[in-house]
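K.L.:
For reference, the structure I am asking about is given below.
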Amino acid sequence: MRMYDIIKKKRDGRFLTEEEIRFVVDGFTRGEIPDYQMSAWLMCVFYQGMTKEETTALTLAMADSGEKLDLSAIEGVKVDKHSTGGVGDKTTFIVAPILAVLGIPIAKMSGRGLGHTGGTVDKLMSIPGFSVEVPKEQFIRQVNELKLSLVAQTGELAPADKKIYALRDVTTTVDSLPLIASSIMSKKIAAGADAIVLDVKCGSGAFMKSYENAVELGRTMTEIGVLAGRRTCAVITDMNEPLGHMVGNSLELYEALKVLSLKDVEAACAKDRGLKRLVDVSLTLAAYMLAVGEEPNAAPSADTLDACRKRAVRVIESGEALDRFADFVKAQGGDPSVIYDPEKLPVAKDKIPVYPSKDGYLAYCSAEEVGMASLMLGGGRATKESTIDVTVGLELLYTLGEEVKKDEPFAYIYASENSDAEGAKARLIRAYDISETPTKVGTVILGSIV
Ligand code: URA
């Protein structure tokens, strides 16, 4: 087989066999295929696309390129969730303890975040004493006992994806649907769960700006998951503004703990649209995960999902989900009192008010720009080597459609001495368009693929 012929075949719009795709992935990972040929091939894929079979072959070849987690020592159907990436997404901290209480094992190994906010692991590091480096035996034991462990990835899952992603990043081939779908699913498949619920974000802060593209990505990933023997479904959710009010590592954990402390979820959401968006996405994901965890072979009906959602609400309101979170934190060396008193989480010392550019109604938000403002404060990593400040971030007081006044703060910046607070402030203000008349706002759950 020659890389030259495989590039030409794809360039001419013909389909590649599984053997040819494995040849490309394995050859590139071993360093036998040079970057210039791989770049040419990626660009051909970008323009010609891939069939479902080709995308699945690419996914499996990348998943097989490194370590694959064996979670078989964990009892029950292991359900994982994955978000395609958004701003202010703290749903894992809400969903994971709910499912653990309801008996669904959550065994999640996450990478550190790259980009505008930290990842799950970075956010957990804001808990005093908490360790994300847990030996494999403890991880398995803890999931069997508490049904919950969230740890940092140790070995390398899907190293081929990492190498290919780095090349995509510099050859403008990131936003190709088969390449995104295979990149995400290769890591999910290597992470070992039996069932996967995908949160496909759609809008100004997401890879997929249009609903049609988000559905296509969700459908492609779902098909790959099923062909790889994993029960997979997807929820399409709005990312035209950050999820909830807080953006930043300890701030996002703080907001998630506030949700887990609610005594009347519906009443709290009725008063607060930002909270409602966060709760809606969290409860929808929890409902799908619970449904596929309990009945992996059936497509969940609307009634089943509704019942699952109600059970999720009950374990929040009873305080059981918060208690489980505290047990999980204690098991991983953290201070569980923080869970009941989130004011104890570290937060940057300067709280700076930010005023909107004029009076009016928030009509448009570039969620990506909001994320970039948080990055300027030091809350994310520009490169894998950058250190992260878990204490900085943003508090957004209003959501789209709401009225703001130019002499009243519409947000706060939490900054430390190394933050570019002025830059972040300017970027945050520019992220919003303000209109004179109220604009229509949509719902946060846009669709699903089961
Ligand atoms: N997330 C990934 O892991 N890969 C992509 O290609 C895009 C988003």
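Chain labels follow the order of the structure tokens: the first chain is A, the next B, and so on; residue numbering restarts at 1 in every chain, and ligands are counted from 1 in their shown order.
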Fewer than 3 positions away in the same chain doesn't count, so skip those; otherwise give me all residues within 12 Å of Gly27 in chain A, counting only C-alpha atoms, as a count of residues only.
P.N.:
23
K.L.:
I'd like the neighbourhood of Ile339 in chain A as a ChimeraX atom specification, where a residue qualifies if any of its atoms comes within 9 Å (using only C-alpha atoms), though same-chain residues fewer than 6 positions away should be ignored.
P.N.:
/A:127,254,257,322-323,325-326,329,345
K.L.:
Which residues of chain A come within 7 Å of ligand 1, and for each one, what is the closest pair of atoms and their distance in Å to one decimal, counting only C-alpha atoms and all ligand atoms, sorted by chain and residue number, as JSON lines?
P.N.:
```
{"residue": "A:Thr84", "atom": "CA", "partner": "ligand 1", "partner_atom_place_in_ligand_line": "8 (C)", "distance": 5.7}
{"residue": "A:Gly85", "atom": "CA", "partner": "ligand 1", "partner_atom_place_in_ligand_line": "8 (C)", "distance": 6.8}
{"residue": "A:Tyr165", "atom": "CA", "partner": "ligand 1", "partner_atom_place_in_ligand_line": "6 (O)", "distance": 6.5}
{"residue": "A:Val174", "atom": "CA", "partner": "ligand 1", "partner_atom_place_in_ligand_line": "6 (O)", "distance": 5.8}
{"residue": "A:Leu179", "atom": "CA", "partner": "ligand 1", "partner_atom_place_in_ligand_line": "6 (O)", "distance": 5.9}
{"residue": "A:Ile180", "atom": "CA", "partner": "ligand 1", "partner_atom_place_in_ligand_line": "6 (O)", "distance": 3.5}
{"residue": "A:Ala181", "atom": "CA", "partner": "ligand 1", "partner_atom_place_in_ligand_line": "6 (O)", "distance": 6.8}
{"residue": "A:Ser183", "atom": "CA", "partner": "ligand 1", "partner_atom_place_in_ligand_line": "4 (N)", "distance": 4.6}
{"residue": "A:Ile184", "atom": "CA", "partner": "ligand 1", "partner_atom_place_in_ligand_line": "3 (O)", "distance": 4.3}
```
K.L.:
Just the helix (DSSP H, G or I) stuff from range 114-181 of chain A, please, per backbone DSSP, written as a ChimeraX atom specification.
P.N.:
/A:120-124,136-146,159-170,177-181
K.L.:
DSSP on the backbone: what in range 231-436 of chain A comes out strand (DSSP E or B), as a PyMOL selection string?
P.N.:
chain A and resi 231-238+246-247+350-354+360-365+381+393-396+403-404+411-415+432-435
K.L.:
Could you produce a table of the residues of range 276-319 of chain A lying within 12 Å of range 375-399 of chain A, with the nearest pair of atoms per residue and their separation in Å rounded to one decimal, using only C-alpha atoms, ordered by chain and increasing residue number, as a Markdown table?
P.N.:
```
| residue | atom | partner | partner_atom | distance |
| --- | --- | --- | --- | --- |
| A:Lys276 | CA | A:Thr399 | CA | 10.7 |
| A:Arg277 | CA | A:Thr399 | CA | 9.7 |
| A:Leu278 | CA | A:Thr399 | CA | 11.7 |
```
K.L.:
Could you dump the residues just selected with C-alpha atoms as an mmCIF file, in the first residue's frame?
P.N.:
```
data_model
loop_
_atom_site.group_PDB
_atom_site.id
_atom_site.type_symbol
_atom_site.label_atom_id
_atom_site.label_comp_id
_atom_site.auth_asym_id
_atom_site.auth_seq_id
_atom_site.Cartn_x
_atom_site.Cartn_y
_atom_site.Cartn_z
ATOM 1 C CA LYS A 276 -33.014 26.976 34.361
ATOM 2 C CA ARG A 277 -30.830 26.480 31.268
ATOM 3 C CA LEU A 278 -28.180 24.741 33.360
#
```
